[in-house]
Structures are given as C-alpha cells and as structure tokens.
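Report on the structure given below.
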Amino acid sequence: MLFKKVYTLIFVRTENQILLGLKKRGFGVNKWNGFGGKVEQNELIVDGAARELKEECCLDVKTSDLKNIAHLEFTFEGEPLLMDVRVFSTNIFEGTPAETEEMSPKWFNYEDIPFNDMWPDDRVWFPYMLKGKLIYGRFHYKGLDTILDYKIQELESM
Ligand code: 6U4
Ligand code: NA
Ligand code: NA
C-alpha cells in the first residue's frame, strides 16, 4: 500500500524569466525549485500554493490567477510514500521576492535554468511546462538521485 501526500509547487514567470528558490532546509535542500509544500488539512490545494509562495518568498498572488499546469507523482523504491505534486503557474503577482528561512529566491532567464542543481525529473518535465503544455507525469526513484522509470503524458485539460 502506498500512502499519498499532496504537495503544491508554484512557478512565477514573466516573459523572459522564471522565479526559482534555492531550498535552504528539509526535503530537496540545496536544490533550485519552485515554491511549495504540504497541503494542510481542510485547505484547498490552490490556497496551499498561494500560502507557500507567500511564506517562502513573500510574494502575493490571487488563487484565481493560478493555473494548474501539471500533476506529478513521485515514488521511491522501497518506500511507502507517493508524493502527489500539483503544479501551478502564474505571471500575475505582487511584491518583490525576498529570502526567507526556507528559500533564497532568484530570477532565471529561460536559457539559464540550473538543471544540474535541481531534481533530475525537472530536466524531463520543465520543457513541457515552458512550452505551455499541461502534463501528468510519474517518476519512480531509487534514492533521491536516480530515476528508475518514468512516464509523461500531455493532457488536454487538468
Ligand atoms: P516544511 O519543511 O514542513 O515546512 P513544506 O514546505 O510543507 O515543508 P516541502 O518543502 O518539504 O514541504 O515540500 C516539498 C516541495 O518540493 C514541494 O513544493 C514539492 C517539491 N518537490 C518534491 N519532490 C520533487 C521533485 N522530485 N521534483 C520537483 N519538485 C519536487 O520538481
Ligand atoms: Na516547502
Ligand atoms: Na513551506
């Protein structure tokens, strides 16, 4: 039996850049990623995405401006957890990204995304996101560095 935990992951984008944060602690420490985390009990997923963005880099977004662009599932060899990650994107936000205890934010040009210092799966599914495709993806890891197998599927709608 796998037990499933729902997470958010949110990307703020402009025409030329994407906002990533260097994670300073916990799961995925020292990797660049979008912002996000565990969805709380009785919290709408989209509310969780907006909350995490605020907590982790101090930006404000309206949930009505968030687009759900991907659904990712991660499993790990020998572990009972299924990480169910709901990915959101927006180009409408207020504020200036600021460093917090969890994340150090930085804007990256699309051609400079630091894939060598990100989750290995990001190299696989970011290109779909950057082309505006909606996707479902699942990745099975051995440890935290090796993808044993994966599947990506483009979706018509989420
Ligand atoms: P705490 O430390 O309890 O406040 P919280 O912020 O709730 O943590 P966190 O940061 O552990 O949760 O959530 C993990 C984040 O990493 C989520 O945004 C999902 C994202 N994530 C996890 N595995 C990923 C992977 N393989 N590829 C990816 N993002 C991943 O691109
Ligand atoms: Na987090
Ligand atoms: Na968090």
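Residue numbers start at 1 in each chain; chains themselves are named A, B, ... in the order of the structure tokens; ligands are numbered from 1 in the order shown.
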#### Entry: Contacts of stretch 88-98 of chain A within 12 Å, only C-alpha atoms, excl. fewer than 6 positions in-chain, as number ranges by chain
A: 7-22, 34-36, 45-50, 52-72, 104-107, 126, 129-130, 132-135, 158
Can you pull out every residue within 12 Å of A:Tyr150, counting only C-alpha atoms, but drop anything in the same chain fewer than 2 positions away, and send it as a short mmCIF file (atom, residue, chain, number, x, y, z; two decimals) with N, CA, C and O atoms, in the first residue's frame?
data_model
loop_
_atom_site.label_atom_id
_atom_site.label_comp_id
_atom_site.auth_asym_id
_atom_site.auth_seq_id
_atom_site.Cartn_x
_atom_site.Cartn_y
_atom_site.Cartn_z
N LEU A 72 2.11 15.72 -10.88
CA LEU A 72 3.28 14.85 -10.85
C LEU A 72 3.17 13.89 -9.68
O LEU A 72 2.75 14.29 -8.58
N GLU A 73 3.58 12.66 -9.91
CA GLU A 73 3.59 11.69 -8.82
C GLU A 73 5.00 11.10 -8.70
O GLU A 73 5.59 10.69 -9.70
N PHE A 74 5.49 11.09 -7.47
CA PHE A 74 6.83 10.56 -7.21
C PHE A 74 6.75 9.42 -6.22
O PHE A 74 6.12 9.55 -5.17
N THR A 75 7.40 8.31 -6.58
CA THR A 75 7.53 7.19 -5.65
C THR A 75 9.01 6.84 -5.54
O THR A 75 9.82 7.22 -6.41
N PHE A 76 9.33 6.14 -4.48
CA PHE A 76 10.72 5.83 -4.16
C PHE A 76 10.83 4.35 -3.84
O PHE A 76 10.05 3.83 -3.03
N PRO A 120 16.36 15.71 -10.67
CA PRO A 120 16.62 15.17 -12.01
C PRO A 120 15.36 15.15 -12.90
O PRO A 120 15.46 15.30 -14.11
N ASP A 121 14.19 15.00 -12.28
CA ASP A 121 12.97 14.98 -13.10
C ASP A 121 12.67 16.32 -13.74
O ASP A 121 12.00 16.39 -14.77
N VAL A 124 13.30 16.69 -17.27
CA VAL A 124 12.37 15.95 -18.13
C VAL A 124 11.06 16.73 -18.35
O VAL A 124 10.58 16.84 -19.47
N TRP A 125 10.51 17.27 -17.28
CA TRP A 125 9.16 17.84 -17.45
C TRP A 125 9.11 19.36 -17.60
O TRP A 125 8.13 19.88 -18.12
N TYR A 136 0.61 15.18 -17.11
CA TYR A 136 0.68 14.26 -15.98
C TYR A 136 2.01 13.54 -16.11
O TYR A 136 2.37 13.08 -17.21
N GLY A 137 2.72 13.43 -15.02
CA GLY A 137 3.98 12.69 -15.05
C GLY A 137 4.14 11.86 -13.81
O GLY A 137 3.70 12.24 -12.73
N ARG A 138 4.75 10.67 -14.00
CA ARG A 138 5.12 9.95 -12.78
C ARG A 138 6.56 9.45 -12.89
O ARG A 138 7.02 9.06 -13.97
N PHE A 139 7.22 9.52 -11.76
CA PHE A 139 8.65 9.20 -11.69
C PHE A 139 8.89 8.26 -10.52
O PHE A 139 8.42 8.52 -9.41
N HIS A 140 9.61 7.18 -10.79
CA HIS A 140 9.95 6.25 -9.72
C HIS A 140 11.46 6.35 -9.48
O HIS A 140 12.25 6.13 -10.39
N TYR A 141 11.81 6.72 -8.28
CA TYR A 141 13.21 6.96 -7.91
C TYR A 141 13.79 5.80 -7.13
O TYR A 141 13.08 5.11 -6.40
N LYS A 142 15.11 5.66 -7.26
CA LYS A 142 15.89 4.88 -6.31
C LYS A 142 16.73 5.91 -5.57
O LYS A 142 17.53 6.61 -6.17
N THR A 146 18.40 8.96 -8.58
CA THR A 146 18.29 8.10 -9.76
C THR A 146 16.83 7.83 -10.12
O THR A 146 16.08 7.28 -9.30
N ILE A 147 16.45 8.19 -11.33
CA ILE A 147 15.12 7.87 -11.83
C ILE A 147 15.17 6.48 -12.45
O ILE A 147 15.90 6.26 -13.42
N LEU A 148 14.41 5.54 -11.88
CA LEU A 148 14.40 4.17 -12.41
C LEU A 148 13.48 4.08 -13.62
O LEU A 148 13.79 3.41 -14.60
N ILE A 152 5.47 10.37 -18.98
CA ILE A 152 4.91 11.71 -19.10
C ILE A 152 3.80 11.66 -20.13
O ILE A 152 3.96 11.02 -21.17
N GLN A 153 2.73 12.33 -19.83
CA GLN A 153 1.59 12.31 -20.73
C GLN A 153 1.09 13.75 -20.87
O GLN A 153 0.87 14.42 -19.87
#
### Query
Between atom CA of A:Glu154 and atom CA of A:Lys4, what is the spacing in Å?
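For atom CA of A:Lys4 relative to atom CA of A:Glu154, the distance reads 22.4 Å.
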### Task
One decimal, Å: what's the distance from atom CA of A:Glu77 over to atom CA of A:Met1, could you say?
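Interatomic distance, atom CA of A:Glu77 to atom CA of A:Met1: 12.9 Å.
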### Message
Can you tell me, as a list in words, which residues in stretch 10-54 of chain A count as helix (DSSP H, G or I) by DSSP?
### Response
Ile45, Val46, Asp47, Gly48, Ala49, Ala50, Arg51, Glu52, Leu53 and Lys54 of chain A
### Query
In terms of the shortest atom-to-atom distance over only C-alpha atoms, which of A:Leu82, A:Lys31, A:Gln41, A:Glu102 is closest to A:Asp145?
A:Lys31
#### Entry: Spatial neighbours of A:Gly26, max dist 12 Å, only C-alpha atoms, sep filter under 2 positions, as number ranges by chain
A: 22-24, 28-31, 37, 101-103
Selection file, all heavy atoms, as a PDB file, in the first residue's frame:
ATOM      1  N   LEU A  22      16.379  28.629  -4.014  1.00  0.00           N
ATOM      2  CA  LEU A  22      17.330  27.632  -3.525  1.00  0.00           C
ATOM      3  C   LEU A  22      16.849  27.209  -2.140  1.00  0.00           C
ATOM      4  O   LEU A  22      16.727  28.034  -1.238  1.00  0.00           O
ATOM      5  CB  LEU A  22      18.732  28.227  -3.456  1.00  0.00           C
ATOM      6  CG  LEU A  22      19.843  27.260  -3.062  1.00  0.00           C
ATOM      7  CD1 LEU A  22      19.992  26.126  -4.080  1.00  0.00           C
ATOM      8  CD2 LEU A  22      21.165  28.005  -2.911  1.00  0.00           C
ATOM      9  N   LYS A  23      16.546  25.906  -2.013  1.00  0.00           N
ATOM     10  CA  LYS A  23      15.944  25.434  -0.766  1.00  0.00           C
ATOM     11  C   LYS A  23      17.021  25.336   0.314  1.00  0.00           C
ATOM     12  O   LYS A  23      18.069  24.733   0.117  1.00  0.00           O
ATOM     13  CB  LYS A  23      15.252  24.088  -0.992  1.00  0.00           C
ATOM     14  CG  LYS A  23      14.188  23.785   0.032  1.00  0.00           C
ATOM     15  CD  LYS A  23      13.181  22.798  -0.551  1.00  0.00           C
ATOM     16  CE  LYS A  23      11.951  22.650   0.319  1.00  0.00           C
ATOM     17  NZ  LYS A  23      12.200  22.008   1.595  1.00  0.00           N
ATOM     18  N   LYS A  24      16.739  25.943   1.444  1.00  0.00           N
ATOM     19  CA  LYS A  24      17.751  26.063   2.497  1.00  0.00           C
ATOM     20  C   LYS A  24      17.662  24.971   3.561  1.00  0.00           C
ATOM     21  O   LYS A  24      18.547  24.838   4.384  1.00  0.00           O
ATOM     22  CB  LYS A  24      17.623  27.444   3.160  1.00  0.00           C
ATOM     23  CG  LYS A  24      17.990  28.590   2.215  1.00  0.00           C
ATOM     24  CD  LYS A  24      17.513  29.934   2.712  1.00  0.00           C
ATOM     25  CE  LYS A  24      18.232  30.380   3.988  1.00  0.00           C
ATOM     26  NZ  LYS A  24      17.767  31.750   4.399  1.00  0.00           N
ATOM     27  N   GLY A  28      14.835  18.201  -0.396  1.00  0.00           N
ATOM     28  CA  GLY A  28      15.294  18.941  -1.582  1.00  0.00           C
ATOM     29  C   GLY A  28      16.247  20.073  -1.237  1.00  0.00           C
ATOM     30  O   GLY A  28      16.452  20.982  -2.050  1.00  0.00           O
ATOM     31  N   VAL A  29      16.846  20.013  -0.047  1.00  0.00           N
ATOM     32  CA  VAL A  29      17.780  21.067   0.376  1.00  0.00           C
ATOM     33  C   VAL A  29      18.903  21.236  -0.656  1.00  0.00           C
ATOM     34  O   VAL A  29      19.352  20.258  -1.263  1.00  0.00           O
ATOM     35  CB  VAL A  29      18.345  20.743   1.797  1.00  0.00           C
ATOM     36  CG1 VAL A  29      19.189  19.480   1.788  1.00  0.00           C
ATOM     37  CG2 VAL A  29      19.132  21.930   2.360  1.00  0.00           C
ATOM     38  N   ASN A  30      19.298  22.485  -0.879  1.00  0.00           N
ATOM     39  CA  ASN A  30      20.356  22.848  -1.837  1.00  0.00           C
ATOM     40  C   ASN A  30      19.972  22.646  -3.300  1.00  0.00           C
ATOM     41  O   ASN A  30      20.832  22.726  -4.171  1.00  0.00           O
ATOM     42  CB  ASN A  30      21.664  22.089  -1.553  1.00  0.00           C
ATOM     43  CG  ASN A  30      22.281  22.516  -0.236  1.00  0.00           C
ATOM     44  OD1 ASN A  30      22.068  23.649   0.210  1.00  0.00           O
ATOM     45  ND2 ASN A  30      23.012  21.620   0.404  1.00  0.00           N
ATOM     46  N   LYS A  31      18.703  22.384  -3.556  1.00  0.00           N
ATOM     47  CA  LYS A  31      18.263  22.324  -4.949  1.00  0.00           C
ATOM     48  C   LYS A  31      17.441  23.578  -5.259  1.00  0.00           C
ATOM     49  O   LYS A  31      16.742  24.108  -4.400  1.00  0.00           O
ATOM     50  CB  LYS A  31      17.354  21.111  -5.171  1.00  0.00           C
ATOM     51  CG  LYS A  31      18.072  19.776  -5.172  1.00  0.00           C
ATOM     52  CD  LYS A  31      17.058  18.647  -5.430  1.00  0.00           C
ATOM     53  CE  LYS A  31      17.718  17.333  -5.777  1.00  0.00           C
ATOM     54  NZ  LYS A  31      18.421  16.712  -4.655  1.00  0.00           N
ATOM     55  N   GLY A  37       4.825  23.214  -0.861  1.00  0.00           N
ATOM     56  CA  GLY A  37       4.938  22.343   0.296  1.00  0.00           C
ATOM     57  C   GLY A  37       3.671  21.560   0.523  1.00  0.00           C
ATOM     58  O   GLY A  37       2.806  21.490  -0.358  1.00  0.00           O
ATOM     59  N   GLU A 101      13.510  31.876   5.668  1.00  0.00           N
ATOM     60  CA  GLU A 101      14.248  30.784   6.321  1.00  0.00           C
ATOM     61  C   GLU A 101      14.313  29.540   5.449  1.00  0.00           C
ATOM     62  O   GLU A 101      15.185  28.700   5.610  1.00  0.00           O
ATOM     63  CB  GLU A 101      13.579  30.424   7.648  1.00  0.00           C
ATOM     64  CG  GLU A 101      13.759  31.499   8.689  1.00  0.00           C
ATOM     65  CD  GLU A 101      13.466  31.013  10.097  1.00  0.00           C
ATOM     66  OE1 GLU A 101      12.850  29.940  10.243  1.00  0.00           O
ATOM     67  OE2 GLU A 101      13.853  31.732  11.027  1.00  0.00           O
ATOM     68  N   GLU A 102      13.336  29.405   4.528  1.00  0.00           N
ATOM     69  CA  GLU A 102      13.283  28.184   3.731  1.00  0.00           C
ATOM     70  C   GLU A 102      13.912  28.319   2.353  1.00  0.00           C
ATOM     71  O   GLU A 102      14.462  27.359   1.825  1.00  0.00           O
ATOM     72  CB  GLU A 102      11.816  27.718   3.598  1.00  0.00           C
ATOM     73  CG  GLU A 102      11.699  26.387   2.885  1.00  0.00           C
ATOM     74  CD  GLU A 102      10.376  25.677   3.105  1.00  0.00           C
ATOM     75  OE1 GLU A 102       9.637  26.063   4.027  1.00  0.00           O
ATOM     76  OE2 GLU A 102      10.090  24.755   2.343  1.00  0.00           O
ATOM     77  N   MET A 103      13.820  29.513   1.758  1.00  0.00           N
ATOM     78  CA  MET A 103      14.182  29.659   0.348  1.00  0.00           C
ATOM     79  C   MET A 103      14.937  30.951   0.074  1.00  0.00           C
ATOM     80  O   MET A 103      14.638  31.994   0.641  1.00  0.00           O
ATOM     81  CB  MET A 103      12.897  29.720  -0.488  1.00  0.00           C
ATOM     82  CG  MET A 103      12.212  28.392  -0.690  1.00  0.00           C
ATOM     83  SD  MET A 103      13.111  27.382  -1.875  1.00  0.00           S
ATOM     84  CE  MET A 103      11.765  26.419  -2.535  1.00  0.00           C
TER      85      MET A 103
END
